>>> print(open('input_33.cif').read())   # mmCIF, C-alpha atoms
data_protein
#
loop_
_atom_site.label_atom_id
_atom_site.label_comp_id
_atom_site.auth_asym_id
_atom_site.auth_seq_id
_atom_site.Cartn_x
_atom_site.Cartn_y
_atom_site.Cartn_z
CA MET A 244 8.13 1.45 54.22
CA SER A 245 8.67 4.48 52.02
CA SER A 246 10.37 2.39 49.38
CA SER A 247 7.22 0.27 48.92
CA PHE A 248 5.23 3.45 48.39
CA ALA A 249 7.75 4.60 45.84
CA LEU A 250 7.52 1.19 44.20
CA ARG A 251 3.77 1.38 43.89
CA ASP A 252 3.99 4.90 42.54
CA LEU A 253 6.50 3.82 39.95
CA GLN A 254 4.39 0.88 38.94
CA ARG A 255 1.33 3.07 38.50
CA ASP A 256 3.40 5.52 36.52
CA LEU A 257 4.66 2.73 34.31
CA GLU A 258 1.16 1.47 33.66
CA ASN A 259 -0.06 4.92 32.70
CA LYS A 260 2.86 5.40 30.38
CA ALA A 261 2.25 2.01 28.77
CA ASN A 262 -1.40 2.89 28.12
CA ASP A 263 -0.34 6.21 26.71
CA LEU A 264 2.17 4.56 24.42
CA GLY A 265 -0.44 2.09 23.20
CA LYS A 266 -2.81 4.92 22.30
CA HIS A 267 0.00 6.69 20.56
CA GLN A 268 0.85 3.63 18.50
CA LYS A 269 -2.77 3.27 17.43
CA GLU A 270 -2.73 6.88 16.31
CA ILE A 271 0.42 6.28 14.28
CA ALA A 272 -1.07 3.19 12.66
CA LYS A 273 -4.20 5.17 11.76
CA ASN A 274 -2.15 7.88 10.11
CA HIS A 275 -0.09 5.32 8.24
CA GLN A 276 -3.30 3.88 6.86
CA LEU A 277 -4.41 7.33 5.77
CA ARG A 278 -1.06 7.90 4.14
CA LYS A 279 -1.40 4.67 2.22
CA LYS A 280 -4.83 5.69 0.97
CA TYR A 281 -3.51 9.03 -0.24
CA THR A 282 -0.54 7.39 -1.95
CA ILE A 283 -2.88 5.09 -3.86
CA GLN A 284 -5.06 8.02 -4.89
CA LEU A 285 -2.04 9.98 -6.01
CA GLY A 286 -0.87 7.09 -8.16
CA GLU A 287 -4.29 6.72 -9.75
CA ASN A 288 -4.53 10.43 -10.50
CA GLU A 289 -1.08 10.43 -12.03
CA LEU A 290 -2.08 7.58 -14.32
CA VAL A 291 -5.17 9.53 -15.36
CA LEU A 292 -3.11 12.64 -16.04
CA LYS A 293 -0.68 10.66 -18.17
CA GLU A 294 -3.60 9.29 -20.17
CA LEU A 295 -5.13 12.76 -20.59
CA ASP A 296 -1.80 14.15 -21.75
CA LEU A 297 -1.71 11.56 -24.52
CA LEU A 298 -5.02 12.74 -25.97
CA GLU A 299 -5.60 14.90 -29.02
CA GLU A 300 -7.00 18.38 -28.54
CA ASP A 301 -10.50 17.43 -29.76
CA ALA A 302 -10.90 14.17 -27.88
CA ASN A 303 -14.15 13.52 -26.06
CA VAL A 304 -13.75 13.30 -22.30
CA TYR A 305 -16.54 12.29 -19.95
CA LYS A 306 -16.77 12.52 -16.20
CA LEU A 307 -18.80 10.07 -14.18
CA ILE A 308 -21.07 12.02 -11.83
CA GLY A 309 -23.24 9.63 -9.88
CA PRO A 310 -24.65 7.26 -12.49
CA VAL A 311 -24.38 9.65 -15.46
CA LEU A 312 -21.54 10.42 -17.79
CA VAL A 313 -21.16 14.14 -18.36
CA LYS A 314 -19.11 15.45 -21.22
CA GLN A 315 -16.25 17.63 -20.11
CA ASP A 316 -13.69 19.87 -21.70
CA LEU A 317 -10.27 18.25 -22.00
CA ALA A 318 -8.57 21.39 -20.65
CA GLU A 319 -10.96 21.47 -17.73
CA ALA A 320 -10.43 17.80 -16.94
CA ASN A 321 -6.69 18.30 -17.18
CA ALA A 322 -6.77 21.27 -14.80
CA ASN A 323 -9.00 19.31 -12.42
CA VAL A 324 -6.68 16.34 -12.21
CA ARG A 325 -3.64 18.56 -11.84
CA LYS A 326 -5.25 20.40 -8.96
CA ARG A 327 -6.18 17.12 -7.32
CA ILE A 328 -2.60 15.86 -7.61
CA GLU A 329 -1.35 19.11 -6.11
CA TYR A 330 -3.77 18.84 -3.23
CA ILE A 331 -3.02 15.20 -2.50
CA SER A 332 0.74 15.80 -2.66
CA ALA A 333 0.44 18.66 -0.18
CA GLU A 334 -1.71 16.48 2.08
CA LEU A 335 0.85 13.67 1.87
CA LYS A 336 3.66 16.02 2.84
CA ARG A 337 1.65 17.28 5.80
CA LEU A 338 0.91 13.72 6.90
CA ASP A 339 4.59 12.78 6.56
CA ARG A 340 5.60 15.59 8.88
CA PHE A 341 2.81 14.70 11.28
CA ILE A 342 3.80 11.02 11.38
CA GLN A 343 7.44 11.93 11.86
CA GLY A 344 6.51 14.05 14.86
CA LEU A 345 4.36 11.27 16.28
CA GLU A 346 7.15 8.75 15.89
CA GLY A 347 9.59 11.07 17.61
CA GLU A 348 7.18 11.38 20.53
CA GLN A 349 6.75 7.62 20.56
CA ASN A 350 10.49 7.12 20.89
CA SER A 351 10.83 9.57 23.75
CA LYS A 352 7.89 7.92 25.50
CA ARG A 353 9.49 4.54 25.06
CA GLU A 354 12.72 5.82 26.53
CA ALA A 355 10.92 7.28 29.52
CA MET A 356 9.29 3.90 30.09
CA MET A 357 12.62 2.12 29.90
CA LYS A 358 14.03 4.45 32.53
CA ILE A 359 11.15 3.76 34.89
CA GLN A 360 11.50 0.06 34.32
CA GLN A 361 15.18 0.22 35.15
CA ARG A 362 14.47 2.11 38.34
CA LEU A 363 11.83 -0.43 39.30
CA GLN A 364 14.24 -3.26 38.70
CA SER A 365 16.99 -1.66 40.73
CA ILE A 366 14.60 -1.05 43.64
CA GLN A 367 13.37 -4.62 43.50
CA ALA A 368 16.93 -5.92 43.35
CA GLY A 369 17.81 -3.79 46.39
CA LYS A 370 14.81 -5.21 48.25
CA ALA A 371 15.68 -8.77 47.42
CA LYS A 372 19.13 -8.28 48.87
CA ALA A 373 17.85 -6.64 52.02
CA MET B 55 20.09 -4.06 3.62
CA ALA B 56 22.28 -6.00 1.18
CA SER B 57 21.59 -9.68 1.63
CA SER B 58 25.21 -10.70 1.03
CA SER B 59 26.59 -8.81 4.01
CA SER B 60 23.58 -9.35 6.25
CA ARG B 61 24.50 -12.91 7.17
CA GLY B 62 27.49 -11.67 9.15
CA GLU B 63 25.36 -8.97 10.75
CA MET B 64 22.74 -11.51 11.70
CA GLU B 65 25.32 -13.72 13.42
CA LYS B 66 26.11 -10.81 15.71
CA MET B 67 22.48 -10.15 16.62
CA GLY B 68 20.75 -11.46 19.72
CA ILE B 69 17.79 -13.79 19.42
CA ASP B 70 15.31 -11.05 20.29
CA GLN B 71 16.73 -8.80 17.63
CA LEU B 72 16.63 -11.61 15.09
CA LYS B 73 13.05 -12.35 15.99
CA ALA B 74 12.08 -8.72 15.48
CA LEU B 75 13.92 -8.64 12.17
CA LYS B 76 12.21 -11.80 10.97
CA GLU B 77 8.80 -10.52 11.96
CA GLN B 78 9.42 -7.26 10.15
CA VAL B 79 10.62 -8.97 6.97
CA ASP B 80 7.74 -11.45 7.07
CA LEU B 81 5.34 -8.53 7.26
CA GLU B 82 6.95 -6.96 4.22
CA VAL B 83 6.81 -10.26 2.36
CA ASN B 84 3.09 -10.53 3.04
CA LEU B 85 2.51 -6.97 1.89
CA LEU B 86 4.41 -7.59 -1.34
CA GLN B 87 2.53 -10.82 -1.91
CA ASP B 88 -0.75 -8.93 -1.58
CA SER B 89 0.41 -6.32 -4.06
CA LEU B 90 1.44 -9.02 -6.52
CA ASN B 91 -1.97 -10.67 -6.22
CA ASN B 92 -3.67 -7.35 -6.87
CA ILE B 93 -1.55 -6.79 -9.95
CA ARG B 94 -2.39 -10.26 -11.16
CA THR B 95 -6.15 -9.72 -10.86
CA ALA B 96 -5.83 -6.33 -12.58
CA THR B 97 -3.94 -7.99 -15.43
CA VAL B 98 -6.65 -10.62 -15.79
CA ARG B 99 -9.31 -7.90 -15.95
CA LEU B 100 -7.41 -5.96 -18.58
CA ASP B 101 -6.83 -9.10 -20.57
CA SER B 102 -10.54 -9.88 -20.60
CA ALA B 103 -11.24 -6.28 -21.64
CA ALA B 104 -8.77 -6.61 -24.50
CA ALA B 105 -10.36 -9.91 -25.52
CA ALA B 106 -13.82 -8.31 -25.49
CA LEU B 107 -12.55 -5.44 -27.65
CA ASN B 108 -11.01 -7.85 -30.09
CA ASP B 109 -14.24 -9.81 -30.24
CA LEU B 110 -16.28 -6.66 -30.79
CA SER B 111 -14.05 -5.41 -33.59
CA LEU B 112 -14.60 -8.66 -35.50
CA ARG B 113 -18.40 -8.29 -35.60
CA PRO B 114 -19.99 -6.48 -38.55
CA GLN B 115 -22.25 -3.45 -38.07
CA GLY B 116 -25.92 -4.31 -37.63
CA LYS B 117 -25.13 -7.69 -36.12
CA LYS B 118 -27.93 -9.02 -33.92
CA MET B 119 -26.99 -9.78 -30.33
CA LEU B 120 -28.37 -10.25 -26.83
CA VAL B 121 -27.36 -7.57 -24.38
CA PRO B 122 -27.18 -8.48 -20.69
CA LEU B 123 -29.18 -6.13 -18.46
CA THR B 124 -28.67 -8.24 -15.37
CA ALA B 125 -26.87 -11.52 -14.90
CA SER B 126 -29.97 -13.43 -15.96
CA LEU B 127 -31.94 -11.00 -18.18
CA TYR B 128 -30.94 -10.38 -21.78
CA VAL B 129 -32.63 -8.15 -24.37
CA PRO B 130 -32.12 -8.36 -28.14
CA GLY B 131 -30.21 -5.57 -29.83
CA THR B 132 -28.19 -4.76 -32.90
CA LEU B 133 -24.61 -3.63 -32.99
CA ASP B 134 -24.27 0.00 -34.04
CA GLU B 135 -20.82 1.42 -34.57
CA ALA B 136 -18.03 -0.57 -32.99
CA ASP B 137 -15.10 1.65 -33.92
CA LYS B 138 -15.61 4.07 -31.01
CA VAL B 139 -15.19 2.82 -27.45
CA LEU B 140 -15.33 4.49 -24.05
CA VAL B 141 -12.39 3.77 -21.78
CA ASP B 142 -12.47 4.16 -18.00
CA ILE B 143 -9.10 5.65 -17.09
CA GLY B 144 -9.82 5.91 -13.37
CA THR B 145 -11.07 8.51 -10.83
CA GLY B 146 -14.36 8.82 -12.73
CA TYR B 147 -12.93 9.92 -16.06
CA PHE B 148 -13.89 8.23 -19.32
CA ILE B 149 -12.30 8.87 -22.69
CA GLU B 150 -13.72 8.18 -26.11
CA LYS B 151 -11.19 6.28 -28.14
CA THR B 152 -11.15 4.53 -31.47
CA MET B 153 -11.07 0.74 -31.47
CA GLU B 154 -7.37 0.74 -32.31
CA ASP B 155 -6.55 3.22 -29.54
CA GLY B 156 -8.63 1.19 -27.11
CA LYS B 157 -6.69 -1.97 -27.90
CA ASP B 158 -3.47 0.00 -27.64
CA TYR B 159 -4.58 1.29 -24.22
CA CYS B 160 -5.13 -2.25 -22.93
CA GLN B 161 -1.80 -3.33 -24.32
CA ARG B 162 0.01 -0.41 -22.69
CA LYS B 163 -1.62 -1.04 -19.34
CA THR B 164 -0.81 -4.74 -19.37
CA ASN B 165 2.80 -3.93 -20.25
CA LEU B 166 3.00 -1.43 -17.41
CA LEU B 167 1.53 -3.95 -14.99
CA LYS B 168 3.89 -6.62 -16.21
CA SER B 169 6.97 -4.50 -15.66
CA ASN B 170 5.70 -3.52 -12.19
CA PHE B 171 5.01 -7.17 -11.46
CA ASP B 172 8.53 -8.21 -12.46
CA GLN B 173 10.08 -5.47 -10.35
CA LEU B 174 8.01 -6.39 -7.31
CA PHE B 175 8.72 -10.05 -7.83
CA GLU B 176 12.45 -9.43 -7.66
CA VAL B 177 12.08 -7.46 -4.43
CA LEU B 178 9.88 -10.20 -3.02
CA ALA B 179 12.46 -12.88 -3.83
CA LYS B 180 15.16 -10.88 -2.06
CA LYS B 181 12.98 -10.31 1.00
CA LYS B 182 12.00 -13.96 1.12
CA SER B 183 15.61 -15.12 1.11
CA LEU B 184 16.36 -12.55 3.80
CA ALA B 185 13.52 -13.91 5.93
CA ASP B 186 14.70 -17.48 5.39
CA GLU B 187 18.21 -16.56 6.33
CA ALA B 188 17.05 -14.82 9.50
CA GLY B 189 15.04 -17.93 10.37
CA MET B 190 18.02 -20.18 9.81
CA VAL B 191 20.40 -18.08 11.90
CA MET B 192 17.79 -17.95 14.64
CA GLN B 193 17.43 -21.75 14.62
CA ALA B 194 21.19 -22.17 14.82
CA LYS B 195 21.33 -19.84 17.80
CA PHE B 196 18.56 -21.74 19.53
CA LYS B 197 20.45 -24.98 19.04
CA GLN B 198 23.61 -23.44 20.44
CA LEU B 199 21.67 -22.29 23.50
CA GLN B 200 20.09 -25.70 24.02
CA ALA B 201 23.39 -27.53 23.60
CA ALA B 202 25.00 -25.45 26.34
CA PRO B 203 22.20 -24.45 28.74
CA THR B 204 24.27 -24.14 31.89
CA SER B 205 27.47 -22.59 30.61
#
>>> encode(input="input_33.cif", output="structure tokens")
Amino acid sequence: MSSSFALRDLQRDLENKANDLGKHQKEIAKNHQLRKKYTIQLGENELVLKELDLLEEDANVYKLIGPVLVKQDLAEANANVRKRIEYISAELKRLDRFIQGLEGEQNSKREAMMKIQQRLQSIQAGKAKA
Amino acid sequence: MASSSSRGEMEKMGIDQLKALKEQVDLEVNLLQDSLNNIRTATVRLDSAAAALNDLSLRPQGKKMLVPLTASLYVPGTLDEADKVLVDIGTGYFIEKTMEDGKDYCQRKTNLLKSNFDQLFEVLAKKKSLADEAGMVMQAKFKQLQAAPTS
């Protein structure tokens, strides 16, 4: 009798863990998406910086603000893009660490699930024999 | 994973593992294909920009033309100076360039895209052959299983 209780408990536990893991995987996917977005932005900003570096000192640079083009200092634009690259790189690093942590948690959760599954199977096998 | 040594590794894998591997590689192939398509459209856009620049540089100053305001409304205008162009370099920044520099910009960008395209294409070819190989090994294993179901 007690073994059937234990069985039900284990099954419930397994279900909870599976749900948890699913949520976790969604979270990881979301962060991967975010990471991709930042990588694209970083690439674009680096292209812009390369282009700005090629310019002469007195070149005319404009920034699009809403629908208007506003003239901007080359040095200012340069500093702006550099700062953006710095910021995005830092954000990427932070995300990388975050994702790594999440993936570590995911693996340990998966292992815990496997263990429960094995226990369930062994109990069921024992029952079948009995 | 080097594709030359992977065949032997694949032979050792179970069907489930092979399936997972194939799915993973297929996913990567799709991703690469998307990237290649994006590069192709970007190249087409740059090419049309370069063509427009070329066209513009051939027209004399004061040339009469119709300027599109919307897709179906045009107003008459005359061409002022055509030796200064504004180039969108991304993230909201525009740079004033001379006609020559503008053409050079387009050329540089198309070259960059082309080299990226070639690199990606190579990777894609490798991944594709890897996926095919995984599929083939998987099929062979299935056949083996079906030939001897009760052994």
>>> closest_residue(input="input_33.cif", among="A:Lys279, A:Lys314, A:Lys269, A:Arg251", to="chain B", atoms="only C-alpha atoms")
A:Lys314
>>> resolve_selection(input="input_33.cif", expression="the PyMOL selection byres ((chain A and resi 367) around 12)", output="NGL selection string")
:A and (246-247 or 249-251 or 253-254 or 360-366 or 368-373)
>>> residues_around(input="input_33.cif", residues="A:Glu319", least_positions_apart="3", cutoff="12 Å", atoms="all atoms listed in the file", output="PyMOL selection string")
(chain A and resi 292+295+300+303-306+314-316+322-326) or (chain B and resi 147)
>>> residues_around(input="input_33.cif", residues="B:Glu65", least_positions_apart="4", cutoff="9 Å", atoms="only C-alpha atoms", output="MDAnalysis selection string")
chainID B and resid 60:61 191:192 195
>>> resolve_selection(input="input_33.cif", expression="the PyMOL selection byres ((chain B) within 12 of (chain A))", output="ChimeraX atom specification")
/B:89,138-152,155-156,158-160,162-163,166
>>> residues_around(input="input_33.cif", residues="B:Glu187", least_positions_apart="4", cutoff="12 Å", atoms="only C-alpha atoms", output="list in words")
Ser57, Ser58, Ser59, Ser60, Arg61, Gly62, Glu63, Met64, Glu65, Leu72, Lys73, Leu75, Lys76, Val79, Asp80, Lys180, Lys181, Lys182, Ser183, Val191, Met192, Gln193 and Ala194 of chain B
>>> atom_distance(input="input_33.cif", atom1="atom CA of A:Lys358", atom2="atom CA of A:Leu257")
9.7 Å
>>> atom_distance(input="input_33.cif", atom1="atom CA of A:Lys273", atom2="atom CA of B:Gln71")
25.8 Å
>>> decode(input="input_33.cif", residues="stretch 272-297 of chain A", atoms="N, CA, C and O atoms", output="compact mmCIF listing (two decimals), in the first residue's frame")
# COMPACT_ATOMS: atom_id res chain seq x y z
N ALA A 272 15.73 30.20 -23.90
CA ALA A 272 15.50 30.57 -25.30
C ALA A 272 15.32 32.08 -25.42
O ALA A 272 15.85 32.71 -26.34
N LYS A 273 14.59 32.67 -24.44
CA LYS A 273 14.35 34.11 -24.47
C LYS A 273 15.67 34.86 -24.40
O LYS A 273 15.91 35.82 -25.14
N ASN A 274 16.53 34.40 -23.50
CA ASN A 274 17.80 35.09 -23.32
C ASN A 274 18.72 34.91 -24.53
O ASN A 274 19.49 35.81 -24.86
N HIS A 275 18.60 33.74 -25.17
CA HIS A 275 19.38 33.54 -26.39
C HIS A 275 18.96 34.52 -27.46
O HIS A 275 19.79 35.09 -28.17
N GLN A 276 17.65 34.73 -27.55
CA GLN A 276 17.11 35.68 -28.52
C GLN A 276 17.69 37.07 -28.26
O GLN A 276 18.12 37.77 -29.18
N LEU A 277 17.66 37.45 -26.99
CA LEU A 277 18.16 38.76 -26.59
C LEU A 277 19.63 38.90 -26.97
O LEU A 277 20.08 39.92 -27.48
N ARG A 278 20.36 37.82 -26.72
CA ARG A 278 21.79 37.81 -27.02
C ARG A 278 22.02 38.03 -28.50
O ARG A 278 22.90 38.76 -28.92
N LYS A 279 21.18 37.37 -29.30
CA LYS A 279 21.30 37.49 -30.75
C LYS A 279 21.07 38.95 -31.17
O LYS A 279 21.81 39.50 -31.98
N LYS A 280 20.05 39.56 -30.57
CA LYS A 280 19.73 40.95 -30.90
C LYS A 280 20.93 41.85 -30.59
O LYS A 280 21.33 42.68 -31.41
N TYR A 281 21.51 41.64 -29.42
CA TYR A 281 22.65 42.47 -29.02
C TYR A 281 23.84 42.24 -29.94
O TYR A 281 24.56 43.18 -30.28
N THR A 282 24.05 40.99 -30.35
CA THR A 282 25.18 40.69 -31.23
C THR A 282 25.03 41.44 -32.55
O THR A 282 25.99 42.00 -33.07
N ILE A 283 23.79 41.45 -33.06
CA ILE A 283 23.53 42.14 -34.32
C ILE A 283 23.81 43.63 -34.16
O ILE A 283 24.47 44.26 -35.00
N GLN A 284 23.31 44.19 -33.04
CA GLN A 284 23.52 45.62 -32.81
C GLN A 284 25.00 45.95 -32.70
O GLN A 284 25.47 46.96 -33.21
N LEU A 285 25.72 45.08 -32.02
CA LEU A 285 27.16 45.29 -31.85
C LEU A 285 27.85 45.32 -33.21
O LEU A 285 28.67 46.20 -33.49
N GLY A 286 27.48 44.36 -34.06
CA GLY A 286 28.08 44.31 -35.39
C GLY A 286 27.80 45.58 -36.17
O GLY A 286 28.70 46.14 -36.81
N GLU A 287 26.55 46.05 -36.10
CA GLU A 287 26.17 47.25 -36.84
C GLU A 287 26.97 48.45 -36.34
O GLU A 287 27.50 49.24 -37.12
N ASN A 288 27.07 48.56 -35.02
CA ASN A 288 27.80 49.70 -34.45
C ASN A 288 29.27 49.65 -34.82
O ASN A 288 29.90 50.69 -35.04
N GLU A 289 29.82 48.44 -34.89
CA GLU A 289 31.23 48.34 -35.25
C GLU A 289 31.46 48.76 -36.70
O GLU A 289 32.46 49.43 -37.00
N LEU A 290 30.49 48.41 -37.56
CA LEU A 290 30.58 48.86 -38.95
C LEU A 290 30.55 50.38 -39.03
O LEU A 290 31.32 50.99 -39.78
N VAL A 291 29.64 50.98 -38.24
CA VAL A 291 29.53 52.43 -38.24
C VAL A 291 30.83 53.07 -37.77
O VAL A 291 31.33 54.03 -38.36
N LEU A 292 31.39 52.51 -36.72
CA LEU A 292 32.63 53.06 -36.17
C LEU A 292 33.76 52.99 -37.21
O LEU A 292 34.53 53.94 -37.37
N LYS A 293 33.80 51.86 -37.91
CA LYS A 293 34.84 51.70 -38.93
C LYS A 293 34.70 52.79 -39.99
O LYS A 293 35.67 53.38 -40.45
N GLU A 294 33.43 53.04 -40.35
CA GLU A 294 33.15 54.04 -41.38
C GLU A 294 33.52 55.44 -40.88
O GLU A 294 34.10 56.23 -41.61
N LEU A 295 33.21 55.71 -39.60
CA LEU A 295 33.53 57.03 -39.03
C LEU A 295 35.03 57.22 -38.94
O LEU A 295 35.54 58.33 -39.14
N ASP A 296 35.75 56.13 -38.64
CA ASP A 296 37.21 56.23 -38.53
C ASP A 296 37.86 56.57 -39.87
O ASP A 296 38.95 57.14 -39.91
N LEU A 297 37.18 56.21 -40.95
CA LEU A 297 37.74 56.45 -42.28
C LEU A 297 37.61 57.90 -42.71
O LEU A 297 38.24 58.33 -43.67
